[in-house]
$ cat coords.csv   # CSV, C-alpha atoms and all ligand atoms
chain,number,residue,atom,x,y,z
A,1,MET,CA,-195.6,-29.5,20.0
A,2,LEU,CA,-194.8,-33.0,18.9
A,3,ALA,CA,-197.2,-35.7,19.5
A,4,ALA,CA,-196.5,-38.3,22.3
A,5,SER,CA,-194.1,-41.1,21.3
A,6,GLN,CA,-193.3,-39.4,18.0
A,7,PRO,CA,-189.6,-39.8,17.1
A,8,PHE,CA,-188.2,-36.7,15.6
A,9,HIS,CA,-185.0,-35.0,14.5
A,10,ARG,CA,-184.1,-31.6,13.3
A,11,ARG,CA,-181.4,-30.5,10.9
A,12,ARG,CA,-179.2,-27.4,11.1
A,13,ASN,CA,-181.2,-24.4,12.2
A,14,ASN,CA,-178.5,-22.0,12.6
A,15,ASP,CA,-174.8,-21.9,11.9
A,16,ARG,CA,-173.8,-23.6,15.1
A,17,SER,CA,-174.6,-27.3,14.5
A,18,GLN,CA,-177.0,-30.0,13.6
A,19,GLN,CA,-179.7,-30.5,16.1
A,20,HIS,CA,-181.0,-34.0,16.7
A,21,LEU,CA,-183.1,-35.8,19.2
A,22,ASN,CA,-184.6,-39.0,18.4
A,23,GLN,CA,-186.4,-41.9,19.9
A,24,GLY,CA,-184.9,-45.3,20.4
A,25,ARG,CA,-186.3,-48.7,19.6
A,26,ARG,CA,-188.4,-48.7,22.8
A,27,GLY,CA,-189.8,-46.2,25.2
A,28,SER,CA,-191.1,-42.8,24.4
A,29,VAL,CA,-190.2,-39.1,24.2
A,30,THR,CA,-193.1,-36.9,24.8
A,31,ALA,CA,-194.0,-33.2,25.0
A,32,VAL,CA,-190.9,-31.7,23.4
A,33,ARG,CA,-191.1,-28.8,21.1
A,34,ALA,CA,-188.4,-27.4,18.8
A,35,ASP,CA,-188.0,-23.9,17.5
A,36,SER,CA,-185.2,-21.8,16.0
A,37,GLN,CA,-183.4,-21.7,19.4
A,38,GLY,CA,-183.3,-25.5,19.7
A,39,PHE,CA,-185.3,-27.9,21.8
A,40,HIS,CA,-187.4,-26.8,24.7
A,41,GLY,CA,-189.7,-28.3,27.1
A,42,THR,CA,-189.9,-31.6,28.9
A,43,ALA,CA,-189.0,-34.9,27.5
A,44,THR,CA,-190.6,-37.7,29.4
A,45,LEU,CA,-188.3,-40.7,28.9
A,46,ALA,CA,-189.1,-44.1,30.2
A,47,GLY,CA,-186.2,-46.3,30.9
A,48,THR,CA,-182.5,-46.2,30.6
A,49,ALA,CA,-180.8,-45.0,27.5
A,50,ARG,CA,-177.5,-44.6,25.7
A,51,ALA,CA,-177.2,-41.0,25.0
A,52,GLN,CA,-174.7,-38.7,23.2
A,53,CYS,CA,-174.3,-35.0,23.5
A,54,ALA,CA,-171.8,-34.2,20.7
A,55,THR,CA,-171.3,-30.5,20.4
A,56,GLY,CA,-172.6,-28.5,23.3
A,57,PRO,CA,-174.1,-28.5,26.8
A,58,ALA,CA,-177.7,-29.0,27.6
A,59,GLN,CA,-178.3,-25.7,29.2
A,60,ALA,CA,-180.3,-25.3,32.4
A,61,CYS,CA,-181.1,-28.9,32.5
A,62,PRO,CA,-182.1,-29.9,36.0
A,63,THR,CA,-181.8,-33.6,36.0
A,64,ALA,CA,-178.9,-35.9,36.7
A,65,VAL,CA,-178.9,-36.7,33.0
A,66,ALA,CA,-178.5,-33.2,31.9
A,67,ARG,CA,-175.8,-32.6,34.5
A,68,SER,CA,-174.0,-35.6,33.1
A,69,PHE,CA,-174.2,-33.8,29.7
A,70,HIS,CA,-172.5,-30.8,31.2
A,71,ARG,CA,-169.7,-32.9,32.7
A,72,ARG,CA,-169.3,-35.3,29.8
A,73,ARG,CA,-169.7,-32.9,27.0
A,74,GLY,CA,-168.9,-34.6,23.7
A,75,ALA,CA,-168.7,-38.0,25.3
A,76,THR,CA,-170.9,-41.0,24.7
A,77,ARG,CA,-171.9,-43.0,27.8
A,78,ARG,CA,-174.7,-44.9,29.4
A,79,LEU,CA,-177.0,-42.5,31.3
A,80,ASP,CA,-180.1,-42.9,33.3
A,81,LEU,CA,-182.8,-41.1,31.4
A,82,LYS,CA,-185.7,-42.1,33.6
A,83,GLY,CA,-188.4,-39.7,34.4
A,84,ILE,CA,-188.3,-36.1,33.1
A,85,VAL,CA,-185.5,-34.4,31.3
A,86,THR,CA,-185.9,-30.7,30.6
A,87,VAL,CA,-183.9,-29.9,27.5
A,88,HIS,CA,-183.1,-26.3,26.5
A,89,SER,CA,-181.2,-25.4,23.4
A,90,THR,CA,-179.4,-28.7,23.3
A,91,GLU,CA,-177.0,-28.9,20.4
A,92,PHE,CA,-177.0,-32.6,19.7
A,93,ILE,CA,-178.7,-35.3,21.6
A,94,HIS,CA,-179.0,-38.8,20.3
A,95,ILE,CA,-181.0,-41.3,22.3
A,96,ASP,CA,-181.3,-45.0,21.5
A,97,HIS,CA,-182.2,-48.1,23.3
A,98,ILE,CA,-184.8,-46.9,25.8
A,99,ASP,CA,-185.8,-49.7,28.1
A,100,ASP,CA,-189.4,-49.7,29.4
A,101,GLU,CA,-189.0,-49.2,33.1
A,102,PRO,CA,-191.8,-47.7,35.2
A,103,ALA,CA,-191.1,-44.9,37.7
A,104,LEU,CA,-192.2,-47.3,40.4
A,105,ARG,CA,-192.6,-51.0,40.5
A,106,LEU,CA,-193.5,-53.0,43.6
A,107,ASP,CA,-193.5,-56.8,43.4
A,108,ARG,CA,-195.1,-58.8,46.3
A,109,VAL,CA,-194.0,-56.4,49.0
A,110,ALA,CA,-194.8,-57.4,52.5
A,111,ARG,CA,-194.1,-55.9,55.9
A,112,SER,CA,-195.0,-56.9,59.5
A,113,PHE,CA,-194.7,-55.3,62.9
A,114,GLY,CA,-194.0,-57.0,66.2
A,115,ARG,CA,-192.5,-60.4,67.0
A,116,GLY,CA,-193.5,-63.9,68.0
A,117,ASP,CA,-197.2,-64.1,68.8
A,118,GLY,CA,-197.6,-60.4,68.5
A,119,ARG,CA,-196.4,-60.3,64.9
A,120,ARG,CA,-199.0,-58.6,62.6
A,121,TRP,CA,-198.8,-58.2,58.9
A,122,ALA,CA,-199.5,-54.6,57.8
A,123,VAL,CA,-198.8,-55.2,54.1
A,124,ARG,CA,-199.2,-58.7,52.6
A,125,GLY,CA,-197.7,-58.9,49.1
A,126,VAL,CA,-198.5,-55.6,47.3
A,127,THR,CA,-197.7,-55.5,43.6
A,128,LEU,CA,-198.2,-52.4,41.5
A,129,SER,CA,-196.4,-50.1,39.1
A,130,ILE,CA,-196.7,-46.5,38.0
A,131,GLY,CA,-195.5,-45.0,34.7
A,132,PRO,CA,-194.4,-41.4,34.0
A,133,GLY,CA,-197.2,-38.9,33.9
A,134,GLN,CA,-199.6,-41.3,35.7
A,135,ILE,CA,-201.4,-40.8,39.0
A,136,VAL,CA,-202.3,-43.9,41.0
A,137,CYS,CA,-204.4,-43.5,44.1
A,138,LEU,CA,-204.1,-46.0,46.9
A,139,LEU,CA,-207.5,-46.1,48.6
A,140,GLY,CA,-208.4,-48.0,51.7
A,141,PRO,CA,-209.9,-47.9,55.2
A,142,ASN,CA,-207.9,-46.8,58.2
A,143,GLY,CA,-205.2,-49.4,59.0
A,144,ALA,CA,-205.3,-50.9,55.5
A,145,GLY,CA,-201.5,-50.5,55.0
A,146,LYS,CA,-201.3,-47.3,52.8
A,147,THR,CA,-198.8,-45.4,54.9
A,148,THR,CA,-196.7,-48.5,55.5
A,149,THR,CA,-196.5,-49.0,51.8
A,150,MET,CA,-195.6,-45.3,51.2
A,151,LYS,CA,-192.9,-45.5,53.9
A,152,MET,CA,-191.4,-48.6,52.3
A,153,ILE,CA,-191.3,-46.9,48.9
A,154,ALA,CA,-189.7,-43.8,50.5
A,155,THR,CA,-187.1,-46.1,52.0
A,156,LEU,CA,-188.1,-45.1,55.5
A,157,LEU,CA,-189.1,-48.8,56.3
A,158,THR,CA,-187.5,-51.9,55.0
A,159,PRO,CA,-189.9,-54.6,53.6
A,160,ASP,CA,-189.8,-58.1,55.0
A,161,ALA,CA,-190.3,-59.5,51.5
A,162,GLY,CA,-190.7,-58.4,47.9
A,163,THR,CA,-188.9,-55.9,45.7
A,164,ILE,CA,-189.3,-52.2,45.2
A,165,ARG,CA,-187.7,-50.6,42.1
A,166,ILE,CA,-187.7,-46.8,41.6
A,167,CYS,CA,-186.8,-45.9,38.1
A,168,GLY,CA,-185.1,-49.2,37.9
A,169,VAL,CA,-183.1,-48.7,41.2
A,170,ASP,CA,-183.6,-51.4,43.8
A,171,ALA,CA,-184.8,-49.4,46.8
A,172,VAL,CA,-183.8,-52.1,49.4
A,173,ARG,CA,-180.3,-52.7,48.1
A,174,ASP,CA,-179.6,-49.1,47.1
A,175,PRO,CA,-181.8,-46.8,49.2
A,176,ARG,CA,-179.6,-43.7,48.6
A,177,GLY,CA,-179.7,-44.3,44.8
A,178,ALA,CA,-183.5,-44.8,44.9
A,179,ARG,CA,-184.1,-41.6,47.0
A,180,ARG,CA,-182.5,-39.5,44.2
A,181,HIS,CA,-185.5,-40.4,42.1
A,182,LEU,CA,-188.3,-39.7,44.5
A,183,SER,CA,-189.9,-37.0,46.6
A,184,LEU,CA,-192.1,-37.6,49.6
A,185,LEU,CA,-194.8,-35.2,50.7
A,186,LEU,CA,-196.2,-36.1,54.2
A,187,GLY,CA,-197.7,-32.6,54.7
A,188,GLY,CA,-199.1,-31.2,57.9
A,189,ASP,CA,-198.0,-28.3,60.1
A,190,ARG,CA,-194.6,-29.8,60.8
A,191,GLY,CA,-191.6,-30.2,58.5
A,192,PHE,CA,-190.4,-26.6,58.4
A,193,TYR,CA,-188.4,-24.2,60.6
A,194,ALA,CA,-191.3,-22.0,61.8
A,195,ARG,CA,-189.3,-18.9,62.6
A,196,VAL,CA,-187.4,-19.0,59.3
A,197,SER,CA,-188.6,-17.6,56.0
A,198,ALA,CA,-190.1,-19.8,53.3
A,199,ILE,CA,-187.2,-19.2,51.0
A,200,ASP,CA,-184.5,-20.0,53.6
A,201,ASN,CA,-186.4,-23.2,54.5
A,202,LEU,CA,-186.3,-24.1,50.8
A,203,ARG,CA,-182.6,-23.2,50.6
A,204,TYR,CA,-181.9,-25.6,53.4
A,205,PHE,CA,-184.1,-28.4,52.0
A,206,ALA,CA,-182.6,-27.9,48.5
A,207,SER,CA,-179.1,-28.5,49.9
A,208,VAL,CA,-180.4,-31.5,51.9
A,209,ALA,CA,-182.0,-32.9,48.7
A,210,GLY,CA,-178.7,-32.6,46.9
A,211,VAL,CA,-179.8,-29.9,44.4
A,212,PRO,CA,-176.5,-28.6,42.9
A,213,ARG,CA,-175.6,-25.2,44.3
A,214,ARG,CA,-175.7,-23.4,40.9
A,215,LEU,CA,-179.3,-24.6,40.3
A,216,ARG,CA,-180.7,-24.0,43.7
A,217,GLU,CA,-181.9,-20.4,43.5
A,218,THR,CA,-183.5,-20.9,40.1
A,219,ARG,CA,-185.3,-24.1,41.3
A,220,ILE,CA,-186.5,-22.4,44.5
A,221,ASP,CA,-187.8,-19.3,42.6
A,222,GLU,CA,-189.6,-21.6,40.1
A,223,ALA,CA,-191.1,-23.7,42.9
A,224,LEU,CA,-192.3,-20.7,44.9
A,225,ASP,CA,-193.8,-19.2,41.8
A,226,ARG,CA,-195.5,-22.4,40.8
A,227,VAL,CA,-197.2,-22.8,44.2
A,228,GLY,CA,-198.2,-19.1,44.3
A,229,LEU,CA,-196.0,-18.2,47.2
A,230,ALA,CA,-193.4,-16.0,45.4
A,231,ASN,CA,-194.8,-12.9,47.1
A,232,ARG,CA,-194.5,-14.5,50.5
A,233,ALA,CA,-191.0,-15.9,50.0
A,234,ASP,CA,-189.5,-13.8,52.8
A,235,ALA,CA,-192.3,-14.3,55.3
A,236,ARG,CA,-191.7,-16.6,58.2
A,237,VAL,CA,-193.4,-20.0,57.9
A,238,GLU,CA,-195.1,-19.5,61.3
A,239,THR,CA,-197.2,-16.8,59.7
A,240,PHE,CA,-198.5,-19.2,57.0
A,241,SER,CA,-202.1,-20.6,56.9
A,242,ARG,CA,-202.4,-24.4,56.6
A,243,GLY,CA,-203.1,-24.1,52.9
A,244,MET,CA,-199.9,-22.0,52.4
A,245,THR,CA,-197.9,-24.5,54.4
A,246,GLN,CA,-199.2,-27.3,52.3
A,247,ARG,CA,-198.3,-25.5,49.2
A,248,LEU,CA,-194.8,-24.9,50.6
A,249,HIS,CA,-194.6,-28.7,51.2
A,250,ILE,CA,-195.3,-29.2,47.5
A,251,ALA,CA,-192.7,-26.6,46.6
A,252,ARG,CA,-190.2,-28.5,48.7
A,253,ALA,CA,-191.1,-31.7,47.0
A,254,MET,CA,-190.6,-30.1,43.6
A,255,LEU,CA,-187.0,-29.0,44.3
A,256,ASN,CA,-185.2,-32.2,43.3
A,257,ARG,CA,-187.4,-32.7,40.2
A,258,ALA,CA,-187.9,-36.3,41.1
A,259,PRO,CA,-189.7,-38.4,38.5
A,260,LEU,CA,-191.7,-40.1,41.3
A,261,LEU,CA,-193.7,-38.1,43.8
A,262,LEU,CA,-195.4,-39.8,46.9
A,263,LEU,CA,-198.3,-37.8,48.3
A,264,ASP,CA,-199.8,-39.0,51.6
A,265,GLU,CA,-203.1,-37.3,52.0
A,266,PRO,CA,-202.0,-34.0,50.4
A,267,THR,CA,-205.2,-32.1,51.0
A,268,ASN,CA,-205.9,-33.4,54.6
A,269,GLY,CA,-207.3,-30.6,56.7
A,270,LEU,CA,-207.5,-28.0,53.9
A,271,ASP,CA,-210.6,-26.0,53.0
A,272,PRO,CA,-212.2,-26.7,49.6
A,273,GLU,CA,-210.5,-23.7,48.0
A,274,HIS,CA,-207.0,-24.6,49.1
A,275,ALA,CA,-207.7,-28.3,48.4
A,276,ARG,CA,-208.6,-27.3,44.8
A,277,ASP,CA,-205.3,-25.3,44.5
A,278,VAL,CA,-203.3,-28.3,45.7
A,279,ARG,CA,-205.1,-30.6,43.3
A,280,ALA,CA,-204.4,-28.2,40.4
A,281,LEU,CA,-200.7,-28.3,41.3
A,282,VAL,CA,-200.7,-32.1,41.4
A,283,GLU,CA,-202.3,-32.2,38.0
A,284,SER,CA,-199.7,-29.8,36.6
A,285,LEU,CA,-196.9,-32.1,38.0
A,286,ARG,CA,-198.5,-35.0,36.2
A,287,ALA,CA,-198.6,-33.0,33.0
A,288,ASP,CA,-194.8,-32.6,33.4
A,289,GLY,CA,-194.5,-36.3,33.4
A,290,THR,CA,-194.1,-36.9,37.1
A,291,ALA,CA,-195.4,-40.3,38.3
A,292,ILE,CA,-197.5,-39.8,41.4
A,293,LEU,CA,-198.7,-42.2,44.1
A,294,LEU,CA,-201.4,-40.6,46.2
A,295,THR,CA,-203.3,-41.7,49.3
A,296,THR,CA,-206.5,-39.9,50.3
A,297,HIS,CA,-209.7,-40.5,52.1
A,298,VAL,CA,-211.4,-37.9,49.8
A,299,MET,CA,-213.3,-39.8,47.2
A,300,ALA,CA,-213.8,-36.8,45.0
A,301,GLU,CA,-210.1,-36.2,45.0
A,302,ALA,CA,-209.3,-39.7,44.0
A,303,GLU,CA,-212.0,-39.6,41.3
A,304,ALA,CA,-210.7,-36.3,39.9
A,305,LEU,CA,-207.0,-37.1,39.9
A,306,ALA,CA,-206.4,-40.8,39.6
A,307,ASP,CA,-205.7,-42.5,36.3
A,308,ARG,CA,-205.9,-45.8,38.3
A,309,ILE,CA,-207.3,-46.7,41.7
A,310,ASP,CA,-205.7,-49.5,43.7
A,311,MET,CA,-207.9,-50.4,46.5
A,312,ILE,CA,-206.0,-51.8,49.5
A,313,MET,CA,-207.6,-53.7,52.4
A,314,ASP,CA,-205.9,-55.6,55.2
A,315,GLY,CA,-202.5,-55.2,53.5
A,316,ARG,CA,-203.6,-56.5,50.1
A,317,ILE,CA,-204.6,-54.9,46.8
A,318,VAL,CA,-208.1,-56.2,46.4
A,319,ALA,CA,-209.2,-54.2,43.2
A,320,SER,CA,-207.4,-52.1,40.6
A,321,GLY,CA,-208.6,-50.0,37.7
A,322,THR,CA,-210.5,-46.8,36.8
A,323,LYS,CA,-213.7,-46.1,38.6
A,324,GLU,CA,-215.6,-47.4,35.6
A,325,GLU,CA,-213.6,-50.6,35.5
A,326,LEU,CA,-214.1,-51.2,39.2
A,327,ALA,CA,-217.8,-50.5,38.9
A,328,GLY,CA,-218.0,-52.8,35.8
A,329,ALA,CA,-216.3,-55.6,37.6
A,330,LEU,CA,-218.7,-55.3,40.6
A,331,ALA,CA,-221.7,-55.2,38.2
A,332,ASN,CA,-220.5,-58.4,36.5
A,333,GLU,CA,-220.0,-60.1,39.9
A,334,SER,CA,-223.4,-59.1,41.0
A,335,ALA,CA,-225.0,-60.4,37.8
A,336,ALA,CA,-223.1,-63.7,38.2
A,337,ASP,CA,-224.2,-64.0,41.8
A,338,GLY,CA,-227.8,-63.3,40.7
A,339,MET,CA,-227.6,-66.2,38.3
A,340,THR,CA,-226.3,-68.5,41.0
A,341,GLY,CA,-228.9,-67.3,43.5
A,342,THR,CA,-226.3,-66.0,46.0
A,343,ALA,CA,-227.5,-62.3,45.5
A,344,PRO,CA,-230.4,-60.6,43.8
A,345,ALA,CA,-229.6,-60.0,40.1
A,346,THR,CA,-231.2,-56.5,40.2
A,347,GLN,CA,-228.7,-54.7,42.6
A,348,PRO,CA,-228.3,-51.1,41.3
A,349,ALA,CA,-224.9,-50.4,39.7
A,350,PRO,CA,-222.7,-48.2,41.9
A,351,ARG,CA,-222.3,-44.7,40.4
A,352,SER,CA,-219.9,-42.6,42.3
A,353,LEU,CA,-216.5,-43.7,43.4
A,354,GLU,CA,-217.8,-43.7,47.0
A,355,ASP,CA,-220.5,-46.2,46.0
A,356,VAL,CA,-217.9,-48.3,44.3
A,357,TYR,CA,-215.5,-48.1,47.3
A,358,LEU,CA,-218.2,-49.0,49.8
A,359,ALA,CA,-219.5,-51.9,47.6
A,360,LEU,CA,-215.9,-53.2,47.4
A,361,LEU,CA,-215.5,-53.0,51.1
A,362,ASP,CA,-218.8,-54.9,51.7
A,363,ARG,CA,-217.7,-57.5,49.2
A,364,GLU,CA,-214.3,-58.0,50.8
A,365,ARG,CA,-215.7,-58.1,54.3
A,366,GLY,CA,-218.4,-60.5,53.2
A,367,MET,CA,-215.7,-62.8,51.7
A,368,ASN,CA,-213.6,-62.6,54.8
A,369,ALA,CA,-216.6,-63.4,57.0
A,370,ARG,CA,-217.5,-66.4,54.8
A,371,ASN,CA,-213.9,-67.7,54.7
A,372,HIS,CA,-213.7,-67.3,58.5
A,373,GLY,CA,-217.0,-69.1,58.9
A,374,GLU,CA,-215.7,-72.0,56.7
A,375,VAL,CA,-212.5,-72.2,58.9
A,376,VAL,CA,-214.6,-72.3,62.1
A,377,ARG,CA,-216.9,-75.0,60.9
B,401,LIG,N1,-194.8,-48.7,63.8
B,401,LIG,C1,-195.8,-49.6,63.9
B,401,LIG,N2,-195.8,-50.5,64.9
B,401,LIG,C2,-196.8,-51.4,64.9
B,401,LIG,N3,-197.9,-51.5,64.1
B,401,LIG,C3,-197.9,-50.6,63.1
B,401,LIG,C4,-196.9,-49.6,62.9
B,401,LIG,N4,-197.2,-48.8,61.8
B,401,LIG,C5,-198.4,-49.3,61.4
B,401,LIG,N5,-198.8,-50.4,62.1
B,401,LIG,C6,-200.0,-51.2,61.9
B,401,LIG,O1,-200.0,-51.5,60.5
B,401,LIG,C7,-201.3,-51.5,60.0
B,401,LIG,C8,-201.3,-50.6,58.8
B,401,LIG,O2,-201.1,-49.3,59.2
B,401,LIG,P1,-201.0,-48.1,58.2
B,401,LIG,O3,-200.6,-46.9,59.0
B,401,LIG,O4,-200.1,-48.4,57.1
B,401,LIG,O5,-202.5,-47.9,57.6
B,401,LIG,P2,-203.1,-46.8,56.8
B,401,LIG,O6,-203.9,-47.5,55.7
B,401,LIG,O7,-202.1,-45.8,56.4
B,401,LIG,O8,-204.2,-46.1,57.8
B,401,LIG,P3,-204.7,-44.6,57.9
B,401,LIG,O9,-205.7,-44.5,56.8
B,401,LIG,O10,-205.4,-44.6,59.2
B,401,LIG,O11,-203.6,-43.7,57.8
B,401,LIG,C9,-202.2,-51.0,61.1
B,401,LIG,O12,-202.8,-52.2,61.7
B,401,LIG,C10,-201.2,-50.4,62.0
B,401,LIG,O13,-201.7,-50.4,63.4

$ encode --input "coords.csv" --output "C-alpha cells"
Amino acid sequence: MLAASQPFHRRRNNDRSQQHLNQGRRGSVTAVRADSQGFHGTATLAGTARAQCATGPAQACPTAVARSFHRRRGATRRLDLKGIVTVHSTEFIHIDHIDDEPALRLDRVARSFGRGDGRRWAVRGVTLSIGPGQIVCLLGPNGAGKTTTMKMIATLLTPDAGTIRICGVDAVRDPRGARRHLSLLLGGDRGFYARVSAIDNLRYFASVAGVPRRLRETRIDEALDRVGLANRADARVETFSRGMTQRLHIARAMLNRAPLLLLDEPTNGLDPEHARDVRALVESLRADGTAILLTTHVMAEAEALADRIDMIMDGRIVASGTKEELAGALANESAADGMTGTAPATQPAPRSLEDVYLALLDRERGMNARNHGEVVR
C-alpha cells in the first residue's frame, strides 16, 4: 500500500506493457496498491486532471472517468477525476495537473420561504467545504436549517443566493451534472417498493441513477454484500426490519459510487446495534474516499464519526472545528469573559460533545438576547 499523496510509477511487470500512474503537480493520489497484475484499489483524486490511457482499458472501473477510458482507449483528453476512481489492472495511466477542488463547496448559500411580510430565512449565508474522505457533521437544534441546506446541496431546492459546487460542478446552473457526483440518503421506512424484493428495488434504482447496464449486477451484488443483506436479496422489502431497510437505503446510495454522500439522520429510529452497523458502514465509505455530509441529533454519533463539526443555528454556521477545537474556543472565550468581569473565570471546561454543543447554544442564545436588548433600548 502506498502512502497518501505519494507519487509513484511502475515499470514493465509483464510482457504486455509499461505500467505507470503518477501524481500531478497538485492534488493527491491515495490508497492505491500495485502488484504483478497491475494497479488495484481506490485512487482518491481531488480535482480535475488531464489523463491518458495509452495501451489498454481500465477494467471494471465504476466511475465516469474509467468509463471514459473504455471509450477513449488510447486517447488523451481532459477528464473529471474528482472523487474516487477504482483502478484494476490498468495498463497505462498518466495523470497530471490535478486541481484542488473539494467534493463539496458552499459559499454564502441562503434560502428563504414565504413572501412579503411572511418571508422567513431558513438558511442565511452558509459557507463550508468537504474534501474526499472527510466526514463533516452539521449539528443544530430543530429548525436550524440543516435539512434545507441538505436539500439545496441535493438540488431539490434552489438557493436564493450563494453558490454550491459539487466536485467543481455548479449545482444551481447544472443540477443534472452535479447530481452525477452525489448520493442522498434520507432514510426512513419509505423510498422502496414494499412488495418488491430488495434486489429488484436496487435494479430499479440503479437504472434511475444512471448506472451503466453492464455494471449494474456487479454493483448491486457488491452493495448488498457490503451492507450485509446478500442473503436477503430476494426477500420483499416489506419483510425487512427498520435496521435492514436503513442498510438497504445505504446500499442504494452506494450504487452510483458518488464521491459525495449526504446522510440526513442515518441512524434515526434505529436500535443501538443497528445504529452501530450503520456507523461502521459510514466509516468504511469514508475509508474509500467518499466525502460525507451528515446530520444527526445523536451526539455520540457526531463525536465518533465527524472529522469536523459545523454547528448551525438560525440558518448560520456559528462554530466549526473538531470537538477539541470547539471546546478550546469556548474555554478561551470564558477566560476572556472572566478577565473582563462578564462571566466567572472558573467555569468548568465542557468535556463531551453534548456539553460543548449545549454551551455553544447558550452562548448564541445569550448573544442573540443581548443584541435584541440593545435594539429594543
Ligand atoms: N417548505 C417549507 N416552507 C416553509 N418553511 C420551511 C419549509 N421548510 C423548512 N422551513 C422552515 O425553515 C426552517 C429550517 O428548517 P429545516 O427543516 O431546514 O431545519 P432542521 O435544522 O432540518 O430541523 P430538524 O432538526 O427539526 O429536522 C424552519 O424554520 C422551518 O420551519

$ atom_distance --input "coords.csv" --atom1 "CA of Gly315 (chain A)" --atom2 "CA of Ala122 (chain A)"
5.3 Å

$ closest_atom_pairs --input "coords.csv" --of "chain A" --to "ligand LIG 401 (chain B)" --cutoff "10 Å" --atoms "only C-alpha atoms and all ligand atoms" --output "CSV"
residue,atom,partner,partner_atom,distance
A:Arg111,CA,B:LIG401,O1,8.7
A:Ser112,CA,B:LIG401,O1,7.4
A:Phe113,CA,B:LIG401,C2,4.9
A:Gly114,CA,B:LIG401,C2,6.4
A:Gly118,CA,B:LIG401,C2,9.7
A:Arg119,CA,B:LIG401,C2,8.9
A:Arg120,CA,B:LIG401,N3,7.3
A:Trp121,CA,B:LIG401,O1,7.0
A:Ala122,CA,B:LIG401,O1,4.1
A:Val123,CA,B:LIG401,C8,7.0
A:Leu138,CA,B:LIG401,O6,8.9
A:Leu139,CA,B:LIG401,O6,8.1
A:Gly140,CA,B:LIG401,O6,6.0
A:Pro141,CA,B:LIG401,O9,5.6
A:Asn142,CA,B:LIG401,O10,3.5
A:Gly143,CA,B:LIG401,O5,3.4
A:Ala144,CA,B:LIG401,O6,3.7
A:Gly145,CA,B:LIG401,O4,3.3
A:Lys146,CA,B:LIG401,O6,3.9
A:Thr147,CA,B:LIG401,O7,3.6
A:Thr148,CA,B:LIG401,O4,3.8
A:Thr149,CA,B:LIG401,O4,6.4
A:Met150,CA,B:LIG401,O4,8.0
A:Lys151,CA,B:LIG401,O4,8.4
A:Met152,CA,B:LIG401,O4,9.9
A:Leu157,CA,B:LIG401,N1,9.4
A:Asp264,CA,B:LIG401,O7,8.6
A:Glu265,CA,B:LIG401,O11,8.7
A:Thr295,CA,B:LIG401,O7,8.3
A:Thr296,CA,B:LIG401,O9,8.0
A:His297,CA,B:LIG401,O9,7.4
A:Ile312,CA,B:LIG401,O6,7.8
A:Met313,CA,B:LIG401,O6,7.9
A:Asp314,CA,B:LIG401,C8,7.7
A:Gly315,CA,B:LIG401,C8,7.1

$ write_last_selection --input "coords.csv" --atoms "C-alpha atoms" --output "CSV table (one decimal), in the coordinates of the input"
chain,number,residue,atom,x,y,z
A,111,ARG,CA,-194.1,-55.9,55.9
A,112,SER,CA,-195.0,-56.9,59.5
A,113,PHE,CA,-194.7,-55.3,62.9
A,114,GLY,CA,-194.0,-57.0,66.2
A,118,GLY,CA,-197.6,-60.4,68.5
A,119,ARG,CA,-196.4,-60.3,64.9
A,120,ARG,CA,-199.0,-58.6,62.6
A,121,TRP,CA,-198.8,-58.2,58.9
A,122,ALA,CA,-199.5,-54.6,57.8
A,123,VAL,CA,-198.8,-55.2,54.1
A,138,LEU,CA,-204.1,-46.0,46.9
A,139,LEU,CA,-207.5,-46.1,48.6
A,140,GLY,CA,-208.4,-48.0,51.7
A,141,PRO,CA,-209.9,-47.9,55.2
A,142,ASN,CA,-207.9,-46.8,58.2
A,143,GLY,CA,-205.2,-49.4,59.0
A,144,ALA,CA,-205.3,-50.9,55.5
A,145,GLY,CA,-201.5,-50.5,55.0
A,146,LYS,CA,-201.3,-47.3,52.8
A,147,THR,CA,-198.8,-45.4,54.9
A,148,THR,CA,-196.7,-48.5,55.5
A,149,THR,CA,-196.5,-49.0,51.8
A,150,MET,CA,-195.6,-45.3,51.2
A,151,LYS,CA,-192.9,-45.5,53.9
A,152,MET,CA,-191.4,-48.6,52.3
A,157,LEU,CA,-189.1,-48.8,56.3
A,264,ASP,CA,-199.8,-39.0,51.6
A,265,GLU,CA,-203.1,-37.3,52.0
A,295,THR,CA,-203.3,-41.7,49.3
A,296,THR,CA,-206.5,-39.9,50.3
A,297,HIS,CA,-209.7,-40.5,52.1
A,312,ILE,CA,-206.0,-51.8,49.5
A,313,MET,CA,-207.6,-53.7,52.4
A,314,ASP,CA,-205.9,-55.6,55.2
A,315,GLY,CA,-202.5,-55.2,53.5

$ atom_distance --input "coords.csv" --atom1 "CA of Pro159 (chain A)" --atom2 "CA of Arg115 (chain A)"
14.8 Å

$ atom_distance --input "coords.csv" --atom1 "CA of Ala287 (chain A)" --atom2 "CA of Leu270 (chain A)"
23.3 Å

$ closest_residue --input "coords.csv" --among "A:Arg363, A:Ala253, A:Gly162, A:Cys167" --to "Phe205 (chain A)" --atoms "all atoms listed in the file"
A:Ala253

$ closest_residue --input "coords.csv" --among "A:Glu238, A:Glu217, A:Asp225, A:Asp117" --to "Arg195 (chain A)" --atoms "all atoms listed in the file"
A:Glu238

$ residues_around --input "coords.csv" --residues "His249 (chain A)" --least-positions-apart "5" --cutoff "10 Å" --atoms "all atoms listed in the file" --output "mmCIF file with C-alpha atoms, keeping the file's coordinate frame"
data_model
loop_
_atom_site.group_PDB
_atom_site.id
_atom_site.type_symbol
_atom_site.label_atom_id
_atom_site.label_comp_id
_atom_site.auth_asym_id
_atom_site.auth_seq_id
_atom_site.Cartn_x
_atom_site.Cartn_y
_atom_site.Cartn_z
ATOM 1 C CA LEU A 184 -192.100 -37.600 49.600
ATOM 2 C CA LEU A 185 -194.800 -35.200 50.700
ATOM 3 C CA LEU A 186 -196.200 -36.100 54.200
ATOM 4 C CA GLY A 187 -197.700 -32.600 54.700
ATOM 5 C CA GLY A 188 -199.100 -31.200 57.900
ATOM 6 C CA ASP A 189 -198.000 -28.300 60.100
ATOM 7 C CA ARG A 190 -194.600 -29.800 60.800
ATOM 8 C CA GLY A 191 -191.600 -30.200 58.500
ATOM 9 C CA PHE A 192 -190.400 -26.600 58.400
ATOM 10 C CA LEU A 202 -186.300 -24.100 50.800
ATOM 11 C CA VAL A 227 -197.200 -22.800 44.200
ATOM 12 C CA GLY A 243 -203.100 -24.100 52.900
ATOM 13 C CA MET A 244 -199.900 -22.000 52.400
ATOM 14 C CA MET A 254 -190.600 -30.100 43.600
ATOM 15 C CA PRO A 266 -202.000 -34.000 50.400
#
